[in-house]
Every structure is written in C-alpha cells, then in structure tokens.
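Source file start-v8.cif; content: mmCIF, N, CA and C atoms.
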```cif
data_target
loop_
_atom_site.label_atom_id
_atom_site.label_comp_id
_atom_site.auth_asym_id
_atom_site.auth_seq_id
_atom_site.Cartn_x
_atom_site.Cartn_y
_atom_site.Cartn_z
N MET A 1 -11.23 3.90 11.23
CA MET A 1 -10.84 2.55 10.87
C MET A 1 -9.69 2.53 9.87
N GLU A 2 -9.45 3.65 9.23
CA GLU A 2 -8.41 3.71 8.21
C GLU A 2 -7.03 3.38 8.76
N HIS A 3 -6.78 3.74 10.04
CA HIS A 3 -5.46 3.50 10.63
C HIS A 3 -5.13 2.01 10.75
N LYS A 4 -6.14 1.15 10.76
CA LYS A 4 -5.88 -0.28 10.87
C LYS A 4 -5.29 -0.85 9.58
N LYS A 5 -5.49 -0.17 8.46
CA LYS A 5 -5.00 -0.64 7.17
C LYS A 5 -3.57 -0.19 6.90
N ARG A 6 -3.05 0.66 7.75
CA ARG A 6 -1.72 1.22 7.51
C ARG A 6 -0.64 0.20 7.84
N PRO A 7 0.45 0.24 7.10
CA PRO A 7 1.51 -0.75 7.34
C PRO A 7 2.25 -0.50 8.65
N LEU A 8 2.68 -1.58 9.25
CA LEU A 8 3.53 -1.54 10.44
C LEU A 8 4.78 -2.34 10.13
N PHE A 9 5.91 -1.87 10.62
CA PHE A 9 7.20 -2.48 10.29
C PHE A 9 7.86 -3.02 11.54
N MET A 10 8.41 -4.22 11.44
CA MET A 10 9.13 -4.82 12.55
C MET A 10 10.50 -4.16 12.70
N ILE A 11 11.07 -4.30 13.88
CA ILE A 11 12.32 -3.62 14.20
C ILE A 11 13.44 -3.96 13.22
N GLY A 12 13.54 -5.22 12.81
CA GLY A 12 14.59 -5.61 11.87
C GLY A 12 14.47 -4.91 10.53
N VAL A 13 13.26 -4.78 10.06
CA VAL A 13 13.02 -4.10 8.78
C VAL A 13 13.38 -2.63 8.89
N VAL A 14 12.96 -2.00 10.00
CA VAL A 14 13.26 -0.57 10.21
C VAL A 14 14.77 -0.35 10.28
N CYS A 15 15.46 -1.24 10.98
CA CYS A 15 16.92 -1.12 11.09
C CYS A 15 17.59 -1.21 9.73
N GLU A 16 17.11 -2.12 8.89
CA GLU A 16 17.66 -2.23 7.54
C GLU A 16 17.37 -0.98 6.73
N MET A 17 16.17 -0.45 6.87
CA MET A 17 15.79 0.75 6.11
C MET A 17 16.71 1.93 6.41
N PHE A 18 17.05 2.08 7.70
CA PHE A 18 17.84 3.24 8.12
C PHE A 18 19.31 2.92 8.39
N HIS A 19 19.69 1.66 8.18
CA HIS A 19 21.08 1.23 8.41
C HIS A 19 21.53 1.56 9.84
N ILE A 20 20.70 1.13 10.80
CA ILE A 20 21.02 1.35 12.21
C ILE A 20 20.88 0.03 12.97
N HIS A 21 21.42 0.00 14.17
CA HIS A 21 21.37 -1.18 15.02
C HIS A 21 20.06 -1.18 15.80
N PRO A 22 19.48 -2.35 16.08
CA PRO A 22 18.25 -2.40 16.86
C PRO A 22 18.36 -1.70 18.22
N GLN A 23 19.55 -1.73 18.81
CA GLN A 23 19.73 -1.04 20.10
C GLN A 23 19.49 0.46 19.97
N THR A 24 19.75 1.01 18.80
CA THR A 24 19.51 2.44 18.58
C THR A 24 18.02 2.73 18.72
N LEU A 25 17.18 1.89 18.13
CA LEU A 25 15.74 2.10 18.24
C LEU A 25 15.26 1.87 19.67
N ARG A 26 15.83 0.88 20.32
CA ARG A 26 15.45 0.64 21.72
C ARG A 26 15.84 1.82 22.60
N LEU A 27 17.02 2.40 22.32
CA LEU A 27 17.46 3.59 23.06
C LEU A 27 16.49 4.75 22.82
N TYR A 28 16.11 4.96 21.57
CA TYR A 28 15.16 6.04 21.26
C TYR A 28 13.84 5.83 21.99
N GLU A 29 13.44 4.56 22.11
CA GLU A 29 12.21 4.27 22.85
C GLU A 29 12.39 4.57 24.34
N ARG A 30 13.52 4.14 24.91
CA ARG A 30 13.79 4.42 26.33
C ARG A 30 13.84 5.91 26.61
N GLU A 31 14.40 6.66 25.66
CA GLU A 31 14.50 8.12 25.81
C GLU A 31 13.14 8.81 25.64
N GLY A 32 12.15 8.05 25.15
CA GLY A 32 10.82 8.63 24.96
C GLY A 32 10.62 9.28 23.60
N PHE A 33 11.58 9.09 22.69
CA PHE A 33 11.48 9.68 21.35
C PHE A 33 10.49 8.92 20.48
N LEU A 34 10.36 7.62 20.73
CA LEU A 34 9.48 6.76 19.94
C LEU A 34 8.56 5.97 20.86
N HIS A 35 7.39 5.65 20.33
CA HIS A 35 6.44 4.82 21.06
C HIS A 35 5.83 3.81 20.09
N PRO A 36 6.64 2.80 19.70
CA PRO A 36 6.11 1.82 18.75
C PRO A 36 5.00 1.00 19.37
N LYS A 37 4.14 0.52 18.51
CA LYS A 37 3.07 -0.37 18.96
C LYS A 37 3.71 -1.70 19.37
N ARG A 38 3.13 -2.34 20.38
CA ARG A 38 3.64 -3.64 20.83
C ARG A 38 2.57 -4.70 20.55
N VAL A 39 2.99 -5.75 19.88
CA VAL A 39 2.10 -6.89 19.64
C VAL A 39 2.87 -8.14 20.05
N GLY A 40 2.44 -8.77 21.13
CA GLY A 40 3.13 -9.98 21.61
C GLY A 40 4.59 -9.73 21.92
N GLY A 41 4.91 -8.55 22.40
CA GLY A 41 6.30 -8.22 22.73
C GLY A 41 7.11 -7.67 21.57
N ALA A 42 6.60 -7.82 20.34
CA ALA A 42 7.32 -7.31 19.17
C ALA A 42 6.99 -5.83 18.96
N ARG A 43 8.01 -5.07 18.65
CA ARG A 43 7.81 -3.65 18.35
C ARG A 43 7.40 -3.51 16.89
N LEU A 44 6.35 -2.74 16.66
CA LEU A 44 5.88 -2.46 15.31
C LEU A 44 5.86 -0.96 15.10
N TYR A 45 6.52 -0.52 14.04
CA TYR A 45 6.69 0.90 13.78
C TYR A 45 5.76 1.36 12.65
N SER A 46 5.06 2.46 12.90
CA SER A 46 4.12 3.02 11.93
C SER A 46 4.87 3.96 10.97
N PRO A 47 4.21 4.38 9.91
CA PRO A 47 4.84 5.38 9.02
C PRO A 47 5.21 6.67 9.77
N GLU A 48 4.40 7.05 10.75
CA GLU A 48 4.74 8.24 11.56
C GLU A 48 6.01 8.00 12.37
N ASP A 49 6.15 6.78 12.90
CA ASP A 49 7.38 6.43 13.62
C ASP A 49 8.58 6.53 12.69
N LEU A 50 8.43 6.05 11.45
CA LEU A 50 9.53 6.12 10.49
C LEU A 50 9.93 7.56 10.20
N GLU A 51 8.94 8.45 10.08
CA GLU A 51 9.25 9.87 9.86
C GLU A 51 9.99 10.44 11.06
N ARG A 52 9.56 10.04 12.25
CA ARG A 52 10.21 10.52 13.48
C ARG A 52 11.65 10.00 13.55
N ILE A 53 11.86 8.75 13.19
CA ILE A 53 13.21 8.18 13.17
C ILE A 53 14.08 8.95 12.18
N LYS A 54 13.52 9.23 11.01
CA LYS A 54 14.26 10.00 10.00
C LYS A 54 14.67 11.36 10.57
N THR A 55 13.75 12.00 11.27
CA THR A 55 14.04 13.30 11.88
C THR A 55 15.14 13.18 12.94
N ILE A 56 15.01 12.18 13.80
CA ILE A 56 16.00 11.98 14.87
C ILE A 56 17.38 11.72 14.27
N LEU A 57 17.45 10.86 13.27
CA LEU A 57 18.74 10.56 12.64
C LEU A 57 19.32 11.78 11.94
N SER A 58 18.48 12.57 11.32
CA SER A 58 18.95 13.80 10.67
C SER A 58 19.53 14.75 11.72
N LEU A 59 18.82 14.89 12.83
CA LEU A 59 19.30 15.79 13.89
C LEU A 59 20.62 15.30 14.47
N THR A 60 20.72 14.00 14.73
CA THR A 60 21.92 13.49 15.40
C THR A 60 23.09 13.32 14.45
N LYS A 61 22.85 12.71 13.29
CA LYS A 61 23.95 12.41 12.37
C LYS A 61 24.33 13.59 11.49
N ASP A 62 23.35 14.25 10.93
CA ASP A 62 23.65 15.34 9.99
C ASP A 62 23.98 16.64 10.69
N LEU A 63 23.27 16.92 11.80
CA LEU A 63 23.44 18.21 12.46
C LEU A 63 24.23 18.14 13.76
N GLY A 64 24.52 16.92 14.22
CA GLY A 64 25.34 16.77 15.43
C GLY A 64 24.62 17.11 16.72
N VAL A 65 23.31 17.06 16.73
CA VAL A 65 22.54 17.37 17.94
C VAL A 65 22.61 16.17 18.88
N ASN A 66 22.83 16.43 20.18
CA ASN A 66 22.86 15.33 21.14
C ASN A 66 21.44 14.94 21.55
N ARG A 67 21.30 13.87 22.34
CA ARG A 67 19.97 13.36 22.68
C ARG A 67 19.15 14.37 23.47
N ALA A 68 19.79 15.13 24.35
CA ALA A 68 19.05 16.15 25.10
C ALA A 68 18.49 17.21 24.14
N GLY A 69 19.29 17.57 23.15
CA GLY A 69 18.84 18.53 22.15
C GLY A 69 17.70 17.97 21.31
N VAL A 70 17.82 16.69 20.96
CA VAL A 70 16.75 16.03 20.19
C VAL A 70 15.46 16.06 20.99
N ASP A 71 15.54 15.76 22.28
CA ASP A 71 14.36 15.77 23.14
C ASP A 71 13.70 17.15 23.13
N ILE A 72 14.47 18.19 23.28
CA ILE A 72 13.93 19.55 23.28
C ILE A 72 13.29 19.88 21.94
N ILE A 73 13.98 19.55 20.86
CA ILE A 73 13.47 19.86 19.52
C ILE A 73 12.17 19.10 19.25
N LEU A 74 12.12 17.82 19.61
CA LEU A 74 10.91 17.02 19.38
C LEU A 74 9.74 17.55 20.20
N ARG A 75 10.01 17.93 21.46
CA ARG A 75 8.93 18.49 22.29
C ARG A 75 8.45 19.82 21.73
N MET A 76 9.38 20.64 21.25
CA MET A 76 8.99 21.93 20.64
C MET A 76 8.16 21.70 19.38
N ARG A 77 8.54 20.74 18.58
CA ARG A 77 7.78 20.42 17.35
C ARG A 77 6.37 19.98 17.69
N ARG A 78 6.26 19.10 18.70
CA ARG A 78 4.94 18.63 19.13
C ARG A 78 4.08 19.79 19.60
N ARG A 79 4.67 20.68 20.38
CA ARG A 79 3.94 21.85 20.90
C ARG A 79 3.52 22.76 19.74
N MET A 80 4.41 22.96 18.79
CA MET A 80 4.08 23.79 17.63
C MET A 80 2.94 23.18 16.82
N GLU A 81 2.93 21.87 16.68
CA GLU A 81 1.84 21.20 15.95
C GLU A 81 0.51 21.39 16.66
N VAL A 82 0.53 21.29 18.00
CA VAL A 82 -0.69 21.51 18.79
C VAL A 82 -1.16 22.95 18.61
N LEU A 83 -0.24 23.90 18.70
CA LEU A 83 -0.59 25.31 18.53
C LEU A 83 -1.13 25.58 17.13
N GLN A 84 -0.55 24.93 16.14
CA GLN A 84 -1.02 25.10 14.76
C GLN A 84 -2.46 24.61 14.62
N ARG A 85 -2.74 23.44 15.20
CA ARG A 85 -4.12 22.91 15.14
C ARG A 85 -5.09 23.84 15.86
N GLU A 86 -4.68 24.34 17.03
CA GLU A 86 -5.53 25.26 17.78
C GLU A 86 -5.80 26.53 16.98
N MET A 87 -4.76 27.04 16.33
CA MET A 87 -4.91 28.25 15.52
C MET A 87 -5.85 28.00 14.34
N GLU A 88 -5.71 26.85 13.69
CA GLU A 88 -6.59 26.51 12.57
C GLU A 88 -8.05 26.41 13.03
N GLU A 89 -8.26 25.80 14.20
CA GLU A 89 -9.61 25.70 14.74
C GLU A 89 -10.18 27.09 15.03
N MET A 90 -9.35 27.96 15.60
CA MET A 90 -9.79 29.31 15.90
C MET A 90 -10.12 30.07 14.62
N MET A 91 -9.30 29.91 13.60
CA MET A 91 -9.56 30.58 12.32
C MET A 91 -10.84 30.06 11.69
N ASP A 92 -11.08 28.76 11.77
CA ASP A 92 -12.32 28.18 11.26
C ASP A 92 -13.52 28.77 11.98
N HIS A 93 -13.41 28.87 13.31
CA HIS A 93 -14.50 29.44 14.10
C HIS A 93 -14.75 30.89 13.70
N LEU A 94 -13.68 31.67 13.57
CA LEU A 94 -13.83 33.07 13.18
C LEU A 94 -14.45 33.20 11.79
N GLU A 95 -14.04 32.35 10.88
CA GLU A 95 -14.60 32.39 9.53
C GLU A 95 -16.09 32.05 9.55
N ARG A 96 -16.45 31.02 10.29
CA ARG A 96 -17.88 30.65 10.39
C ARG A 96 -18.69 31.79 11.01
N ASP A 97 -18.15 32.38 12.06
CA ASP A 97 -18.82 33.48 12.74
C ASP A 97 -18.98 34.68 11.81
N THR A 98 -17.94 35.02 11.07
CA THR A 98 -17.99 36.15 10.13
C THR A 98 -19.00 35.89 9.03
N ARG A 99 -19.01 34.69 8.50
CA ARG A 99 -19.99 34.34 7.45
C ARG A 99 -21.41 34.42 7.98
N SER A 100 -21.61 33.94 9.19
CA SER A 100 -22.94 33.96 9.80
C SER A 100 -23.42 35.40 9.98
N ARG A 101 -22.55 36.25 10.51
CA ARG A 101 -22.94 37.66 10.71
C ARG A 101 -23.20 38.35 9.38
N PHE A 102 -22.38 38.06 8.37
CA PHE A 102 -22.58 38.65 7.05
C PHE A 102 -23.93 38.22 6.48
N ARG A 103 -24.21 36.94 6.59
CA ARG A 103 -25.48 36.40 6.09
C ARG A 103 -26.66 37.09 6.77
N LYS A 104 -26.59 37.26 8.09
CA LYS A 104 -27.67 37.93 8.83
C LYS A 104 -27.84 39.38 8.38
N ARG A 105 -26.72 40.08 8.18
CA ARG A 105 -26.80 41.47 7.72
C ARG A 105 -27.45 41.55 6.35
N MET A 106 -27.07 40.62 5.47
CA MET A 106 -27.65 40.62 4.12
C MET A 106 -29.15 40.33 4.19
N GLN A 107 -29.54 39.37 5.01
CA GLN A 107 -30.96 39.04 5.16
C GLN A 107 -31.73 40.24 5.70
N ASN A 108 -31.16 40.93 6.69
CA ASN A 108 -31.82 42.10 7.27
C ASN A 108 -31.93 43.22 6.24
N MET A 109 -30.89 43.39 5.46
CA MET A 109 -30.87 44.45 4.46
C MET A 109 -31.94 44.20 3.39
N PHE A 110 -32.07 42.95 2.95
CA PHE A 110 -33.06 42.62 1.92
C PHE A 110 -34.47 42.57 2.51
N ALA A 111 -34.59 42.27 3.80
CA ALA A 111 -35.90 42.21 4.44
C ALA A 111 -36.48 43.62 4.59
N GLU A 112 -35.61 44.62 4.71
CA GLU A 112 -36.06 46.01 4.87
C GLU A 112 -36.61 46.58 3.58
N GLU A 113 -36.23 46.03 2.44
CA GLU A 113 -36.67 46.56 1.16
C GLU A 113 -38.03 46.18 0.85
#
```

Go ahead and express the file in the form of structure tokens.
Amino acid sequence: MEHKKRPLFMIGVVCEMFHIHPQTLRLYEREGFLHPKRVGGARLYSPEDLERIKTILSLTKDLGVNRAGVDIILRMRRRMEVLQREMEEMMDHLERDTRSRFRKRMQNMFAEE
C-alpha cells in the first residue's frame, strides 16, 4: 500500500523539472523507455520514472548516445537488476542452508556428549 502514497507528477511539471519539451517525453514513451501511469488520459510520472528520465537525458545529452543505444543500455540495466536480485536470493538461500547445517552439526555434537 505504500506505493499509493508516493508522488506522481504531471507531464508539464516533469518537463519544467528537466527543461524538456512534452514531445520528448511522449517520444520516450513511444520508444518504450518510459511507461507513465495513465489517469483519465493524463500521464503521471513516478519518482522511478523521473530517475529513468534523468538517466536517458544523461545518456543522450551528456554522452551523445542515440536512442538505439539508450534502448540497449536500458535493457541491459534491467537485466542486470534482475540478475542482481536473483543472485541475492541465491546467496540468502545458501546462507540459510549453511546456518541450518551448522546448527544441526552443533546439536549433534552436543547430543553425543
């Protein structure tokens, strides 16, 4: 339920924040870079969307990456985030398993005495 309390920003506000034209955001949406929430036809941007916009603008304006490059970089970032989560889950599982085996060994060792 926490996500319902998070702020959402209308397209005009986002454009002012980043000093860009609304068509730029619409283009990013058409390209699949952004997926703003829609309420009654109005686009509403989340804090995550704002971070993504910041990343896209940095790639295009600061580093000169074209839209195809941005697409590849964003997809790679998404994949890396998924892999990171999977790795963390695997490490958690291994840690729980190791602790469980250690606990059993200790119990067996003390039970023998």

Go through A:Arg77, A:Arg99, A:Lys5, A:Lys54 one by one, measure the shortest atom-to-atom distance of each to His19 (chain A) using only C-alpha atoms, and give the residue with the smallest value.
A:Lys54

Expand the PyMOL selection byres ((chain A and resi 36-51) around 7) into the individual residues it matches in the shown file, reporting them as a PDB file with N, CA and C atoms, in the frame of the given file.
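New file result-v3.pdb:
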```
ATOM      1  N   ARG A   6      -3.050   0.660   7.750  1.00  0.00           N
ATOM      2  CA  ARG A   6      -1.720   1.220   7.510  1.00  0.00           C
ATOM      3  C   ARG A   6      -0.640   0.200   7.840  1.00  0.00           C
ATOM      4  N   PRO A   7       0.450   0.240   7.100  1.00  0.00           N
ATOM      5  CA  PRO A   7       1.510  -0.750   7.340  1.00  0.00           C
ATOM      6  C   PRO A   7       2.250  -0.500   8.650  1.00  0.00           C
ATOM      7  N   LEU A   8       2.680  -1.580   9.250  1.00  0.00           N
ATOM      8  CA  LEU A   8       3.530  -1.540  10.440  1.00  0.00           C
ATOM      9  C   LEU A   8       4.780  -2.340  10.130  1.00  0.00           C
ATOM     10  N   PHE A   9       5.910  -1.870  10.620  1.00  0.00           N
ATOM     11  CA  PHE A   9       7.200  -2.480  10.290  1.00  0.00           C
ATOM     12  C   PHE A   9       7.860  -3.020  11.540  1.00  0.00           C
ATOM     13  N   MET A  10       8.410  -4.220  11.440  1.00  0.00           N
ATOM     14  CA  MET A  10       9.130  -4.820  12.550  1.00  0.00           C
ATOM     15  C   MET A  10      10.500  -4.160  12.700  1.00  0.00           C
ATOM     16  N   ILE A  11      11.070  -4.300  13.880  1.00  0.00           N
ATOM     17  CA  ILE A  11      12.320  -3.620  14.200  1.00  0.00           C
ATOM     18  C   ILE A  11      13.440  -3.960  13.220  1.00  0.00           C
ATOM     19  N   GLU A  29      13.440   4.560  22.110  1.00  0.00           N
ATOM     20  CA  GLU A  29      12.210   4.270  22.850  1.00  0.00           C
ATOM     21  C   GLU A  29      12.390   4.570  24.340  1.00  0.00           C
ATOM     22  N   LEU A  34      10.360   7.620  20.730  1.00  0.00           N
ATOM     23  CA  LEU A  34       9.480   6.760  19.940  1.00  0.00           C
ATOM     24  C   LEU A  34       8.560   5.970  20.860  1.00  0.00           C
ATOM     25  N   HIS A  35       7.390   5.650  20.330  1.00  0.00           N
ATOM     26  CA  HIS A  35       6.440   4.820  21.060  1.00  0.00           C
ATOM     27  C   HIS A  35       5.830   3.810  20.090  1.00  0.00           C
ATOM     28  N   ARG A  52       9.560  10.040  12.250  1.00  0.00           N
ATOM     29  CA  ARG A  52      10.210  10.520  13.480  1.00  0.00           C
ATOM     30  C   ARG A  52      11.650  10.000  13.550  1.00  0.00           C
ATOM     31  N   ILE A  53      11.860   8.750  13.190  1.00  0.00           N
ATOM     32  CA  ILE A  53      13.210   8.180  13.170  1.00  0.00           C
ATOM     33  C   ILE A  53      14.080   8.950  12.180  1.00  0.00           C
ATOM     34  N   LYS A  54      13.520   9.230  11.010  1.00  0.00           N
ATOM     35  CA  LYS A  54      14.260  10.000  10.000  1.00  0.00           C
ATOM     36  C   LYS A  54      14.670  11.360  10.570  1.00  0.00           C
ATOM     37  N   THR A  55      13.750  12.000  11.270  1.00  0.00           N
ATOM     38  CA  THR A  55      14.040  13.300  11.880  1.00  0.00           C
ATOM     39  C   THR A  55      15.140  13.180  12.940  1.00  0.00           C
ATOM     40  N   ILE A  56      15.010  12.180  13.800  1.00  0.00           N
ATOM     41  CA  ILE A  56      16.000  11.980  14.870  1.00  0.00           C
ATOM     42  C   ILE A  56      17.380  11.720  14.270  1.00  0.00           C
TER      43      ILE A  56
END
```

Write out as a PyMOL selection string all residues of chain A that DSSP puts in strand (DSSP E) for this structure's backbone.
chain A and resi 9-10+37-39+42-45

Å distance separating CA of Arg67 (chain A) from CA of Leu27 (chain A), one decimal place
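Computed distance, CA of Arg67 (chain A) to CA of Leu27 (chain A), equals 10.1 Å.
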
Counting only C-alpha atoms, figure out which residue out of A:Met109, A:Val65, A:Val13, A:Val70 gets nearest to Gly32 (chain A).
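Of the candidates, the smallest distance to Gly32 (chain A) is held by A:Val70.
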
Take every atom of region 17-21 of chain A listed in the file, fit an axis-aligned box around them, add 4 Å per side, and give the centre and edge lengths in Å to one decimal as AutoDock Vina command-line options.
```
--center_x 18.7 --center_y 1.0 --center_z 11.0 --size_x 13.7 --size_y 12.4 --size_z 17.7
```

Between atom N of Arg96 (chain A) and CA of Asn108 (chain A), what is the spacing in Å?
19.2 Å

So how far away is atom N of Ile20 (chain A) from atom N of Met76 (chain A), in Å?
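Taking atom N of Met76 (chain A) and atom N of Ile20 (chain A), their separation equals 24.9 Å.
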
According to DSSP computed on the backbone, where in region 8-50 of chain A is there alpha helix (DSSP H)? Give the residues as a list in words.
Ile11, Gly12, Val13, Val14, Cys15, Glu16, Met17, Phe18, Pro22, Gln23, Thr24, Leu25, Arg26, Leu27, Tyr28, Glu29, Arg30, Pro47, Glu48, Asp49 and Leu50 of chain A

Contacts of Arg75 (chain A) at 10 Å (only C-alpha atoms; same-chain gap of 6+ positions) as a ChimeraX atom specification:
/A:33,69,81
